[in-house]
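As provided, protein_33.cif (mmCIF, C-alpha atoms) reads as follows.
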```
data_start
#
loop_
_atom_site.label_atom_id
_atom_site.label_comp_id
_atom_site.auth_asym_id
_atom_site.auth_seq_id
_atom_site.Cartn_x
_atom_site.Cartn_y
_atom_site.Cartn_z
CA MET A 10 -34.13 -11.39 -47.19
CA GLU A 11 -30.39 -11.56 -47.44
CA GLY A 12 -29.52 -9.69 -44.26
CA PHE A 13 -31.27 -12.37 -42.20
CA LEU A 14 -30.15 -15.47 -44.06
CA GLN A 15 -26.66 -14.41 -45.08
CA ARG A 16 -24.88 -15.99 -42.23
CA CYS A 17 -22.43 -18.67 -41.30
CA SER A 18 -23.75 -21.53 -39.19
CA ALA A 19 -20.90 -22.48 -36.91
CA ALA A 20 -20.79 -25.96 -35.45
CA ILE A 21 -18.65 -25.67 -32.31
CA LYS A 22 -17.27 -28.91 -30.95
CA THR A 23 -17.78 -29.25 -27.23
CA SER A 24 -14.71 -29.91 -25.13
CA GLY A 25 -13.93 -33.49 -24.31
CA SER A 26 -16.69 -35.04 -26.42
CA SER A 27 -17.57 -35.88 -29.99
CA GLY A 28 -20.72 -33.74 -29.83
CA LYS A 29 -21.26 -30.32 -31.32
CA THR A 30 -23.54 -27.33 -30.93
CA VAL A 31 -24.89 -25.57 -34.02
CA VAL A 32 -24.85 -21.79 -33.65
CA PRO A 33 -26.39 -19.50 -36.31
CA VAL A 34 -24.11 -16.49 -36.67
CA LEU A 35 -25.54 -13.40 -38.38
CA ASN A 36 -22.88 -12.14 -40.74
CA ILE A 37 -22.95 -8.48 -39.69
CA PRO A 38 -21.72 -6.60 -36.62
CA ARG A 39 -24.37 -6.19 -33.94
CA ALA A 40 -24.20 -2.40 -34.33
CA GLU A 41 -25.59 -2.73 -37.88
CA PHE A 42 -28.54 -4.91 -36.90
CA PRO A 43 -30.95 -1.96 -36.35
CA LEU A 44 -30.33 -0.92 -39.98
CA ARG A 45 -31.88 -4.21 -41.16
CA SER A 46 -35.37 -3.03 -40.30
CA ASP A 47 -37.12 -5.90 -42.12
CA ASN A 48 -35.03 -8.41 -40.17
CA VAL A 49 -35.77 -6.64 -36.90
CA PHE A 50 -39.49 -6.70 -37.66
CA LEU A 51 -39.69 -10.37 -38.67
CA LEU A 52 -37.60 -11.62 -35.75
CA LYS A 53 -39.68 -9.60 -33.30
CA GLU A 54 -42.95 -10.83 -34.81
CA SER A 55 -41.63 -14.39 -34.60
CA GLY A 56 -40.72 -14.11 -30.91
CA VAL A 57 -36.93 -14.02 -31.29
CA PRO A 58 -35.37 -11.47 -28.90
CA PRO A 59 -32.19 -9.63 -30.00
CA GLU A 60 -30.24 -11.11 -27.09
CA ALA A 61 -30.81 -14.56 -28.58
CA LEU A 62 -28.77 -13.63 -31.66
CA VAL A 63 -25.04 -14.06 -32.25
CA PHE A 64 -23.25 -11.68 -34.61
CA ARG A 65 -20.03 -12.02 -36.52
CA ASP A 66 -18.12 -9.56 -34.35
CA GLU A 67 -19.03 -11.46 -31.19
CA VAL A 68 -17.42 -14.81 -31.92
CA ASP A 69 -13.77 -15.55 -32.66
CA LEU A 70 -14.11 -17.92 -35.61
CA ALA A 71 -10.37 -17.84 -36.28
CA GLY A 72 -9.60 -18.86 -32.70
CA LEU A 73 -12.12 -21.70 -32.81
CA HIS A 74 -10.62 -22.87 -36.08
CA ARG A 75 -7.11 -22.84 -34.68
CA ALA A 76 -8.38 -24.95 -31.80
CA LYS A 77 -9.93 -27.36 -34.33
CA ARG A 78 -13.37 -26.75 -32.85
CA LEU A 79 -15.08 -25.17 -35.85
CA MET A 80 -17.15 -26.32 -38.82
CA LEU A 81 -18.84 -23.74 -41.04
CA THR A 82 -21.93 -23.82 -43.22
CA LEU A 83 -22.16 -20.81 -45.54
CA VAL A 84 -25.74 -19.68 -46.16
CA ASP A 85 -26.63 -17.28 -48.99
CA HIS A 86 -23.03 -17.01 -50.18
CA ASN A 87 -20.62 -19.67 -51.42
CA VAL A 88 -17.10 -18.25 -51.14
CA LEU A 89 -15.10 -16.72 -48.33
CA PRO A 90 -13.50 -13.30 -48.81
CA SER A 91 -9.75 -12.94 -48.84
CA ALA A 92 -9.74 -11.75 -45.23
CA ASP A 93 -11.25 -15.06 -44.09
CA ILE A 94 -9.42 -17.41 -46.43
CA ASP A 95 -7.75 -19.13 -43.46
CA LEU A 96 -11.20 -20.46 -42.46
CA GLU A 97 -11.61 -22.34 -45.74
CA GLU A 98 -10.68 -25.70 -44.20
CA ALA A 99 -13.58 -25.32 -41.75
CA VAL A 100 -16.24 -24.94 -44.49
CA VAL A 101 -18.18 -28.21 -44.71
CA GLU A 102 -21.39 -27.10 -46.42
CA VAL A 103 -22.83 -24.36 -48.64
CA ILE A 104 -26.48 -23.46 -49.27
CA ASP A 105 -26.80 -20.60 -51.74
CA HIS A 106 -28.78 -19.21 -54.68
CA HIS A 107 -26.09 -17.05 -56.29
CA HIS A 108 -23.70 -17.82 -59.15
CA LEU A 109 -21.36 -20.62 -58.07
CA GLU A 110 -17.82 -19.33 -57.59
CA ARG A 111 -16.62 -22.08 -55.31
CA THR A 112 -14.04 -24.67 -56.39
CA PRO A 113 -15.53 -28.18 -55.97
CA SER A 114 -14.22 -30.14 -53.00
CA MET A 115 -14.92 -33.59 -51.59
CA SER A 116 -14.93 -32.13 -48.08
CA CYS A 117 -17.72 -29.61 -48.72
CA SER A 118 -21.34 -30.35 -49.63
CA VAL A 119 -22.68 -27.68 -52.00
CA THR A 120 -26.33 -26.86 -52.70
CA VAL A 121 -26.56 -24.01 -55.20
CA GLU A 122 -29.70 -23.29 -57.21
CA THR A 123 -30.84 -19.98 -58.71
CA VAL A 124 -34.18 -19.67 -56.93
CA GLY A 125 -35.70 -16.39 -55.81
CA SER A 126 -34.90 -16.84 -52.13
CA CYS A 127 -32.18 -18.77 -50.36
CA ALA A 128 -34.79 -19.44 -47.66
CA THR A 129 -36.48 -21.74 -50.20
CA LEU A 130 -33.38 -23.96 -50.28
CA VAL A 131 -33.09 -23.86 -46.49
CA THR A 132 -36.75 -24.92 -46.19
CA GLU A 133 -36.18 -27.80 -48.61
CA HIS A 134 -33.04 -28.83 -46.73
CA ILE A 135 -34.87 -28.90 -43.39
CA HIS A 136 -37.90 -30.68 -44.87
CA HIS A 137 -35.79 -33.54 -46.21
CA LYS A 138 -33.03 -33.84 -43.61
CA ALA A 139 -34.36 -32.49 -40.29
CA PRO A 140 -38.17 -32.19 -40.36
CA GLU A 141 -38.31 -32.15 -36.57
CA VAL A 142 -36.67 -28.70 -36.61
CA LEU A 143 -39.56 -27.17 -38.56
CA ASP A 144 -41.86 -25.76 -35.88
CA ARG A 145 -44.13 -22.78 -36.35
CA GLN A 146 -41.53 -20.22 -35.31
CA VAL A 147 -38.98 -21.49 -37.83
CA ALA A 148 -41.71 -21.74 -40.46
CA GLN A 149 -42.69 -18.09 -40.00
CA LEU A 150 -39.08 -16.95 -40.32
CA LEU A 151 -38.59 -18.95 -43.52
CA TYR A 152 -41.99 -18.00 -44.94
CA GLY A 153 -41.41 -14.29 -44.34
CA ALA A 154 -38.02 -14.42 -46.05
CA ILE A 155 -39.42 -16.24 -49.11
CA VAL A 156 -42.40 -13.91 -49.47
CA LEU A 157 -40.24 -10.78 -49.20
CA ASP A 158 -37.45 -12.00 -51.49
CA CYS A 159 -39.95 -13.12 -54.14
CA VAL A 160 -41.95 -9.86 -53.95
CA ASN A 161 -45.15 -11.51 -52.72
CA MET A 162 -44.68 -14.30 -55.30
CA ALA A 163 -45.61 -11.88 -58.11
CA PRO A 164 -44.37 -13.22 -61.50
CA GLU A 165 -44.05 -9.70 -62.93
CA ALA A 166 -41.29 -8.93 -60.42
CA GLY A 167 -39.12 -11.59 -62.06
CA LYS A 168 -37.95 -13.19 -58.81
CA VAL A 169 -40.21 -16.17 -57.99
CA THR A 170 -39.45 -19.63 -59.40
CA PRO A 171 -41.58 -22.81 -59.30
CA LYS A 172 -39.51 -24.11 -56.39
CA ASP A 173 -40.13 -20.93 -54.37
CA SER A 174 -43.88 -21.39 -54.91
CA GLN A 175 -43.69 -25.08 -54.04
CA LEU A 176 -41.86 -24.59 -50.75
CA SER A 177 -43.94 -21.59 -49.67
CA PHE A 178 -47.06 -23.69 -50.28
CA LEU A 179 -45.53 -26.47 -48.17
CA LEU A 180 -45.12 -24.04 -45.26
CA GLU A 181 -48.66 -22.72 -45.70
CA SER A 182 -50.02 -26.28 -45.72
CA ARG A 183 -48.08 -27.39 -42.65
CA PHE A 184 -48.87 -24.24 -40.67
CA PRO A 185 -52.23 -22.81 -41.79
CA ASP A 186 -52.11 -20.20 -39.02
CA LEU A 187 -49.15 -18.38 -40.59
CA PRO A 188 -49.83 -14.67 -41.22
CA PRO A 189 -51.70 -14.00 -44.48
CA ARG A 190 -49.13 -13.72 -47.26
CA GLY A 191 -50.28 -10.33 -48.57
CA ALA A 192 -50.38 -8.69 -45.16
CA LEU A 193 -47.01 -10.17 -44.18
CA PHE A 194 -45.38 -8.95 -47.38
CA LYS A 195 -46.82 -5.47 -46.97
CA SER A 196 -45.50 -5.22 -43.40
CA LEU A 197 -42.04 -6.53 -44.33
CA GLN A 198 -41.81 -4.34 -47.42
CA SER A 199 -42.76 -1.27 -45.40
CA ALA A 200 -40.13 -2.10 -42.79
CA LYS A 201 -37.48 -2.74 -45.46
CA PHE A 202 -38.13 0.56 -47.22
CA ASP A 203 -38.23 2.56 -44.00
CA ILE A 204 -35.10 4.70 -44.12
CA SER A 205 -36.46 7.57 -42.07
CA GLY A 206 -33.78 9.15 -39.93
CA LEU A 207 -30.90 7.26 -41.55
CA SER A 208 -27.72 9.00 -42.68
CA THR A 209 -26.30 8.39 -46.15
CA GLU A 210 -23.74 6.04 -44.62
CA GLN A 211 -26.47 4.03 -42.91
CA ILE A 212 -28.54 3.86 -46.10
CA LEU A 213 -25.54 2.47 -48.00
CA LEU A 214 -24.67 0.00 -45.24
CA LYS A 215 -28.28 -1.15 -44.81
CA ASP A 216 -28.08 -3.58 -47.74
CA MET A 217 -24.53 -3.58 -49.09
CA LYS A 218 -22.24 -6.03 -50.84
CA ALA A 219 -18.61 -5.34 -51.62
CA VAL A 220 -16.37 -6.78 -54.32
CA SER A 221 -12.71 -6.18 -55.05
CA GLY A 222 -10.01 -6.73 -57.64
CA GLY A 223 -6.45 -5.45 -57.57
CA ASP A 224 -6.40 -2.03 -55.92
CA LEU A 225 -10.09 -1.32 -56.65
CA ARG A 226 -12.85 -2.05 -54.17
CA LEU A 227 -16.51 -1.36 -54.84
CA ALA A 228 -19.47 -0.96 -52.52
CA VAL A 229 -22.68 -2.13 -54.23
CA SER A 230 -25.67 -0.93 -52.22
CA ALA A 231 -29.40 -1.43 -52.69
CA VAL A 232 -31.04 1.93 -51.98
CA TYR A 233 -34.76 1.94 -51.23
CA MET A 234 -35.83 5.21 -52.84
CA THR A 235 -35.80 6.74 -56.29
CA LEU A 236 -32.49 8.06 -57.58
CA ASP A 237 -33.86 11.60 -57.85
CA VAL A 238 -34.65 11.62 -54.14
CA PHE A 239 -31.27 10.09 -53.27
CA LEU A 240 -29.36 12.70 -55.30
CA GLN A 241 -31.23 15.49 -53.51
CA ARG A 242 -29.91 14.46 -50.09
CA ARG A 243 -28.20 17.31 -48.30
CA SER A 244 -24.37 17.19 -48.43
CA LEU A 245 -24.51 14.01 -50.53
CA GLN A 246 -21.13 14.50 -52.18
CA GLN A 247 -19.37 15.08 -48.87
CA GLU A 248 -21.09 12.08 -47.27
CA LEU A 249 -20.20 9.80 -50.19
CA CYS A 250 -16.59 10.95 -50.01
CA GLU A 251 -16.48 10.32 -46.25
CA PHE A 252 -18.12 6.91 -46.71
CA CYS A 253 -15.45 5.82 -49.19
CA HIS A 254 -12.69 7.20 -46.98
CA LYS A 255 -14.00 5.57 -43.81
CA HIS A 256 -14.70 2.15 -45.31
CA ARG A 257 -11.92 2.36 -47.90
CA PHE A 258 -13.82 1.95 -51.14
CA GLY A 259 -12.73 3.29 -54.50
CA ALA A 260 -16.28 3.67 -55.81
CA VAL A 261 -19.92 3.23 -54.82
CA VAL A 262 -22.57 1.67 -57.05
CA ALA A 263 -25.99 2.69 -55.72
CA MET A 264 -28.84 0.60 -57.14
CA THR A 265 -32.15 2.28 -56.33
CA ILE A 266 -35.41 0.34 -56.45
CA SER A 267 -39.08 1.16 -56.07
CA PHE A 268 -42.28 -0.66 -57.01
CA ASN A 269 -45.49 0.41 -58.69
CA GLU A 270 -48.99 -0.65 -57.66
CA ARG A 271 -48.70 -3.89 -59.68
CA GLY A 272 -45.50 -4.90 -57.89
CA GLU A 273 -43.31 -4.16 -60.92
CA PRO A 274 -39.82 -2.91 -60.03
CA HIS A 275 -38.42 0.43 -61.20
CA ARG A 276 -34.63 0.56 -61.12
CA GLN A 277 -32.06 3.33 -61.45
CA LEU A 278 -28.32 3.26 -60.84
CA ALA A 279 -25.60 5.71 -59.90
CA VAL A 280 -21.81 5.34 -59.90
CA TYR A 281 -19.84 7.60 -57.55
CA SER A 282 -16.09 7.98 -57.27
CA SER A 283 -13.77 10.89 -56.63
CA SER A 284 -11.44 9.19 -59.11
CA THR A 285 -12.33 9.89 -62.75
CA LEU A 286 -10.57 6.70 -63.77
CA TYR A 287 -12.52 4.47 -61.41
CA ARG A 288 -15.84 6.18 -62.15
CA GLU A 289 -15.45 5.89 -65.92
CA GLU A 290 -14.16 2.31 -65.92
CA VAL A 291 -16.95 1.01 -63.67
CA SER A 292 -19.61 2.90 -65.64
CA GLN A 293 -18.35 1.57 -68.98
CA ALA A 294 -18.33 -2.00 -67.68
CA LEU A 295 -21.99 -1.67 -66.73
CA GLU A 296 -22.93 0.16 -69.95
CA LYS A 297 -21.30 -2.51 -72.13
CA ALA A 298 -22.70 -5.50 -70.23
CA ARG A 299 -24.54 -8.02 -72.39
CA ASN A 300 -25.16 -10.93 -70.04
CA PRO A 301 -27.50 -9.51 -69.04
CA SER A 302 -27.82 -6.16 -70.79
CA LEU A 303 -28.90 -3.51 -68.29
CA SER A 304 -30.42 -1.33 -71.04
CA PHE A 305 -29.05 1.88 -69.57
CA SER A 306 -30.33 5.33 -70.48
CA PRO A 307 -28.17 8.20 -69.14
CA MET A 308 -29.83 10.55 -66.66
CA SER A 309 -28.75 14.06 -65.79
CA SER A 310 -26.73 14.27 -62.60
CA PRO A 311 -26.22 17.39 -60.47
CA PHE A 312 -22.69 16.24 -59.64
CA ASN A 313 -19.66 15.74 -61.88
CA ASN A 314 -18.44 12.78 -59.85
CA ILE A 315 -21.73 10.84 -60.04
CA LYS A 316 -22.93 9.14 -63.23
CA SER A 317 -26.66 8.35 -63.26
CA TYR A 318 -28.70 5.90 -65.31
CA LEU A 319 -32.24 4.68 -65.80
CA GLN A 320 -32.01 0.88 -65.87
CA GLY A 321 -34.34 -0.32 -68.61
CA ASN A 322 -33.91 -3.97 -67.66
CA ALA A 323 -35.80 -3.74 -64.38
CA LEU A 324 -35.52 -7.50 -63.80
CA ALA A 325 -31.73 -7.29 -63.49
CA SER A 326 -31.40 -7.25 -59.70
CA ARG A 327 -28.15 -6.84 -57.82
CA LYS A 328 -27.72 -10.61 -57.88
CA LYS A 329 -27.38 -10.32 -61.67
CA VAL A 330 -25.31 -7.14 -61.64
CA LEU A 331 -22.68 -8.45 -59.21
CA PRO A 332 -21.24 -11.02 -61.68
CA ILE A 333 -20.79 -8.19 -64.22
CA LEU A 334 -18.77 -6.21 -61.70
CA LYS A 335 -16.79 -9.25 -60.56
CA ASN A 336 -15.81 -10.05 -64.14
CA PHE A 337 -14.76 -6.43 -64.64
CA LEU A 338 -12.64 -6.56 -61.48
CA LYS A 339 -10.95 -9.79 -62.59
CA GLU A 340 -9.96 -8.08 -65.82
CA TRP A 341 -8.87 -4.99 -63.87
CA ASP A 342 -6.66 -7.16 -61.67
CA ARG A 343 -5.21 -8.95 -64.71
CA LYS A 344 -4.29 -5.64 -66.32
CA GLN A 345 -2.65 -4.45 -63.13
CA VAL A 346 -0.43 -7.53 -63.01
CA HIS A 347 0.54 -6.86 -66.61
CA CYS A 348 1.25 -3.23 -65.77
CA GLU A 349 3.49 -4.14 -62.86
CA GLU A 350 5.53 -6.43 -65.09
CA ALA A 351 5.80 -3.69 -67.72
CA GLU A 352 6.62 -1.16 -65.01
CA ASP A 353 9.71 -3.03 -63.87
CA PHE A 354 10.97 -3.00 -67.44
CA GLU A 355 10.19 0.71 -67.94
CA GLU A 356 11.81 1.88 -64.71
CA LEU A 357 15.01 0.00 -65.53
CA ASP A 358 15.01 1.59 -68.97
CA ASP A 359 14.31 5.06 -67.56
CA HIS A 360 17.39 4.84 -65.34
CA VAL A 361 19.82 3.07 -67.68
CA ASP A 362 23.20 4.67 -68.39
CA PRO A 363 22.76 6.85 -71.50
CA THR A 364 26.04 5.48 -72.86
CA GLY A 365 24.85 1.89 -72.47
CA SER A 366 22.50 -0.18 -74.57
CA PRO A 367 20.13 1.75 -76.81
CA SER A 368 16.74 2.48 -75.27
CA PHE A 369 13.45 1.49 -76.83
CA ASP A 370 11.42 4.05 -78.71
CA ASP A 371 8.87 5.61 -76.32
CA ASP A 372 5.98 4.78 -78.63
CA ALA A 373 6.95 1.11 -78.67
CA ARG A 374 6.70 0.67 -74.91
CA PRO A 375 3.58 -0.83 -73.38
CA ARG A 376 1.56 1.91 -71.66
CA CYS A 377 -0.86 1.05 -68.90
CA PHE A 378 -2.12 2.38 -65.61
CA SER A 379 -1.38 1.04 -62.17
CA ALA A 380 -2.06 2.94 -58.96
CA SER A 381 0.99 1.41 -57.28
CA ARG A 382 3.06 2.22 -60.37
CA HIS A 383 1.94 5.86 -60.21
CA HIS A 384 2.95 6.09 -56.55
CA ARG A 385 6.42 4.65 -57.10
CA ARG A 386 7.05 6.74 -60.22
CA ARG A 387 6.15 9.88 -58.29
CA LEU A 388 8.76 8.91 -55.69
CA LEU A 389 11.27 8.54 -58.53
CA GLY A 390 10.27 11.94 -59.87
CA THR A 391 9.21 10.55 -63.25
CA GLU A 392 5.42 11.05 -63.08
CA ASP A 393 4.12 14.06 -64.94
CA SER A 394 0.82 14.70 -66.68
CA TRP A 395 -1.79 12.84 -64.60
CA THR A 396 -3.99 14.79 -62.20
CA GLU A 397 -4.19 13.99 -58.52
CA GLU A 398 -7.90 13.16 -58.85
CA ASP A 399 -7.12 10.33 -61.27
CA PHE A 400 -5.02 8.59 -58.64
CA GLN A 401 -7.04 8.97 -55.45
CA VAL A 402 -6.66 5.38 -54.35
CA PRO A 403 -8.23 4.19 -51.10
CA ALA A 404 -6.54 1.75 -48.78
CA THR A 405 -7.55 -1.87 -48.42
CA PRO A 406 -10.86 -2.37 -46.54
CA MET A 407 -11.60 -4.71 -43.72
CA ASN A 408 -14.00 -7.47 -44.69
CA SER A 409 -16.49 -9.92 -43.28
CA LEU A 410 -17.58 -13.24 -44.69
CA VAL A 411 -19.45 -11.42 -47.45
CA GLU A 412 -16.46 -9.29 -48.46
CA GLY A 413 -17.90 -6.01 -47.44
CA CYS A 414 -19.27 -5.56 -43.93
CA PRO A 415 -16.64 -3.39 -42.19
CA LEU A 416 -16.10 -4.76 -38.71
CA ASP A 417 -14.58 -3.23 -35.65
CA ALA A 418 -11.91 -5.76 -34.75
CA GLY A 419 -11.59 -4.13 -31.36
CA LEU A 420 -15.00 -5.24 -30.09
CA PRO A 421 -15.07 -7.90 -27.38
CA ARG A 422 -15.59 -11.49 -28.49
CA ILE A 423 -17.78 -14.14 -26.93
CA SER A 424 -15.82 -17.23 -25.96
CA ALA A 425 -16.81 -20.62 -27.31
CA GLU A 426 -17.78 -21.73 -23.81
CA ALA A 427 -20.03 -18.68 -23.36
CA ILE A 428 -21.77 -19.39 -26.65
CA LEU A 429 -22.34 -23.01 -25.75
CA GLU A 430 -23.71 -22.05 -22.33
CA LYS A 431 -25.95 -19.39 -23.90
CA PHE A 432 -27.51 -21.76 -26.42
CA SER A 433 -27.85 -24.59 -23.95
CA ARG A 434 -29.74 -22.29 -21.58
CA MET A 435 -31.91 -20.98 -24.41
CA GLY A 436 -32.63 -24.49 -25.60
CA GLY A 437 -33.89 -25.42 -22.15
CA GLU A 438 -36.03 -22.31 -21.93
CA ALA A 439 -37.49 -22.96 -25.38
CA GLY A 440 -38.71 -26.34 -24.24
CA GLU A 441 -40.77 -24.70 -21.49
CA ASN A 442 -42.01 -21.70 -23.48
CA LYS A 443 -44.96 -22.50 -25.71
CA ASP A 444 -44.57 -19.15 -27.43
CA GLY A 445 -41.29 -20.50 -28.77
CA ASN A 446 -38.11 -18.54 -28.26
CA TRP A 447 -35.07 -19.29 -30.43
CA PRO A 448 -34.18 -23.00 -30.12
CA GLY A 449 -30.49 -23.70 -29.50
CA GLU A 450 -30.16 -26.12 -32.39
CA GLN A 451 -31.80 -24.00 -35.10
#
```
Can the structure in the file be given as structure tokens, please?
Amino acid sequence: MEGFLQRCSAAIKTSGSSGKTVVPVLNIPRAEFPLRSDNVFLLKESGVPPEALVFRDEVDLAGLHRAKRLMLTLVDHNVLPSADIDLEEAVVEVIDHHHLERTPSMSCSVTVETVGSCATLVTEHIHHKAPEVLDRQVAQLLYGAIVLDCVNMAPEAGKVTPKDSQLSFLLESRFPDLPPRGALFKSLQSAKFDISGLSTEQILLKDMKAVSGGDLRLAVSAVYMTLDVFLQRRSLQQELCEFCHKHRFGAVVAMTISFNERGEPHRQLAVYSSSTLYREEVSQALEKARNPSLSFSPMSSPFNNIKSYLQGNALASRKKVLPILKNFLKEWDRKQVHCEEAEDFEELDDHVDPTGSPSFDDDARPRCFSASRHHRRRLLGTEDSWTEEDFQVPATPMNSLVEGCPLDAGLPRISAEAILEKFSRMGGEAGENKDGNWPGEQ
């Protein structure tokens, strides 16, 4: 249940003391919260009102860091995006279940294990280090996330691990009045797959990651419908184009998922880009992947700028596809650096005095593509045969801690003092409310 757990826990030092207040910060803008329908459902069922939540666009993490009042724990991700790299010194802990990309550091405790749900690792962490925090409300939140992420603990879905089963059983044993697992999963799954009334932009933002390399930025979205139904959406091409323009992506990778009666996943994938170059390069990287192989079979697409595939390896979730795309983008970035070095040489040669040193044979020059190179060569009047479509390059996107939640930097921020007051007041109310609202220290 990544939308709920993918957050930064900010420890804000209180003024004039050595104490601190731990504030869970959901790593999305508040305006996107209604799109996370499974999160909305579980929090409501667990007695957590929306006003008790703090979102990324409501707290000035950079300002707190500059004031030396910030410590960050990254949950369900282990690296900061480039836009937040200045916060790196504030990161003191990581709890994650994705591939480790973080450089080891003595100042940061790292817990990374490839379990089915990051909530499993959070449960284990609380059980060993802060058992007093684990009340029924917290248990229901953790239990719901584990059950949903691990597809009702069904082995055939390829998500659950022995540790997920062990920690979910611990929660069931400690709190026997938790909702029945099957019923809870069914409710959460129904809420997660409910996309009624959503626009294409909202469907893509509902569960999106973004990765980047060089001038290319990709949106990788989980889409909760079959690909056939998605491709039949009215004005899909126009909406995809507007989505990339608005959020400044070069391409969209839409990973559709559905389940049969036995809980087995059925996956399809589509690659959209108005740039032929981007679309072909991304598609080939996925087609050629071997670790893991996605076992693609091409599907017919009604649009020239969308490539469609049936994904034979249905156990390869987005968590396994993202490293493929990140490796591709690293290579893309490396080639761009090489191109820029070659470009400087070529442009000097193109403009050398004809009576000067002999020029190199055209066929002997290194030839490579760079979007920035294309732009500068057009200004010099030396670009010729490429089409405009091949060079439709979007601008750089804004990023959140997960490199891909576009934020409105103009929204008002909550001051550190307001956050502390809010959580102190909520903590006091929680002590009097047996139904259990959100505790300030959780």
message: Please enumerate the residues selected by the PyMOL selection byres ((chain A and resi 44-55) around 6) when evaluated against the supplied file, formatted as an MDAnalysis selection string.
response: chainID A and resid 13 41:43 56:57 146 197 200:201 215
File dump, residues just selected, C-alpha atoms, as an mmCIF file, keeping the file's coordinate frame:
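Final file, result-v2.cif:
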```cif
data_model
loop_
_atom_site.group_PDB
_atom_site.id
_atom_site.type_symbol
_atom_site.label_atom_id
_atom_site.label_comp_id
_atom_site.auth_asym_id
_atom_site.auth_seq_id
_atom_site.Cartn_x
_atom_site.Cartn_y
_atom_site.Cartn_z
ATOM 1 C CA PHE A 13 -31.270 -12.370 -42.200
ATOM 2 C CA GLU A 41 -25.590 -2.730 -37.880
ATOM 3 C CA PHE A 42 -28.540 -4.910 -36.900
ATOM 4 C CA PRO A 43 -30.950 -1.960 -36.350
ATOM 5 C CA GLY A 56 -40.720 -14.110 -30.910
ATOM 6 C CA VAL A 57 -36.930 -14.020 -31.290
ATOM 7 C CA GLN A 146 -41.530 -20.220 -35.310
ATOM 8 C CA LEU A 197 -42.040 -6.530 -44.330
ATOM 9 C CA ALA A 200 -40.130 -2.100 -42.790
ATOM 10 C CA LYS A 201 -37.480 -2.740 -45.460
ATOM 11 C CA LYS A 215 -28.280 -1.150 -44.810
#
```
field: Atomic distance CA of Gly259 in chain A - CA of Leu35 in chain A, expressed in Å with one decimal
entry: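 We find that CA of Gly259 in chain A and CA of Leu35 in chain A lie 26.5 Å from each other.
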Selection in question (the file shown): the PyMOL selection byres ((chain A and resi 218-226) around 7). Which residues does it include, as an mmCIF file with C-alpha atoms, in the coordinates of the input?
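Written output follows (result00.cif):
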```
data_model
loop_
_atom_site.group_PDB
_atom_site.id
_atom_site.type_symbol
_atom_site.label_atom_id
_atom_site.label_comp_id
_atom_site.auth_asym_id
_atom_site.auth_seq_id
_atom_site.Cartn_x
_atom_site.Cartn_y
_atom_site.Cartn_z
ATOM 1 C CA MET A 217 -24.530 -3.580 -49.090
ATOM 2 C CA LEU A 227 -16.510 -1.360 -54.840
ATOM 3 C CA ALA A 228 -19.470 -0.960 -52.520
ATOM 4 C CA VAL A 229 -22.680 -2.130 -54.230
ATOM 5 C CA SER A 230 -25.670 -0.930 -52.220
ATOM 6 C CA PHE A 258 -13.820 1.950 -51.140
ATOM 7 C CA GLY A 259 -12.730 3.290 -54.500
ATOM 8 C CA ALA A 260 -16.280 3.670 -55.810
ATOM 9 C CA LYS A 335 -16.790 -9.250 -60.560
ATOM 10 C CA LEU A 338 -12.640 -6.560 -61.480
ATOM 11 C CA LYS A 339 -10.950 -9.790 -62.590
ATOM 12 C CA TRP A 341 -8.870 -4.990 -63.870
ATOM 13 C CA ASP A 342 -6.660 -7.160 -61.670
ATOM 14 C CA GLN A 345 -2.650 -4.450 -63.130
ATOM 15 C CA VAL A 411 -19.450 -11.420 -47.450
ATOM 16 C CA GLU A 412 -16.460 -9.290 -48.460
ATOM 17 C CA GLY A 413 -17.900 -6.010 -47.440
#
```
task: Can you turn the PyMOL selection byres ((chain A and resi 122-128) around 10) into a concrete residue list for this file, as a ChimeraX atom specification?
output: /A:10-11,13-15,84-86,104-109,119-121,129-134,150-160,162,167-174,176-177,328
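Between CA of Arg145 in chain A and CA of Phe178 in chain A the interatomic distance comes to 14.3 Å.
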d(CA of Gln277 in chain A, CA of Leu303 in chain A) in Å: 10.2 Å
message: When you look at Ala99 in chain A with a cut-off of 7 Å (counting all atoms listed in the file), what residues show up, excluding the ones that are within fewer than 4 positions of it in the same chain? I need them as number ranges by chain.
response: A: 74, 79-81
Nearest residue to Ser199 in chain A from the set A:Phe239, A:Phe252, A:Tyr318, A:Tyr233 (distances using all atoms listed in the file): A:Tyr233
statement: From the list A:Arg78, A:Arg276, A:Arg271, A:Arg65, the nearest residue to Thr30 in chain A using only C-alpha atoms is A:Arg78
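The smallest atom-to-atom distance between Met115 in chain A and any of A:Leu187, A:Ala61, A:Val101, A:Val262, using all atoms listed in the file, is found for A:Val101.
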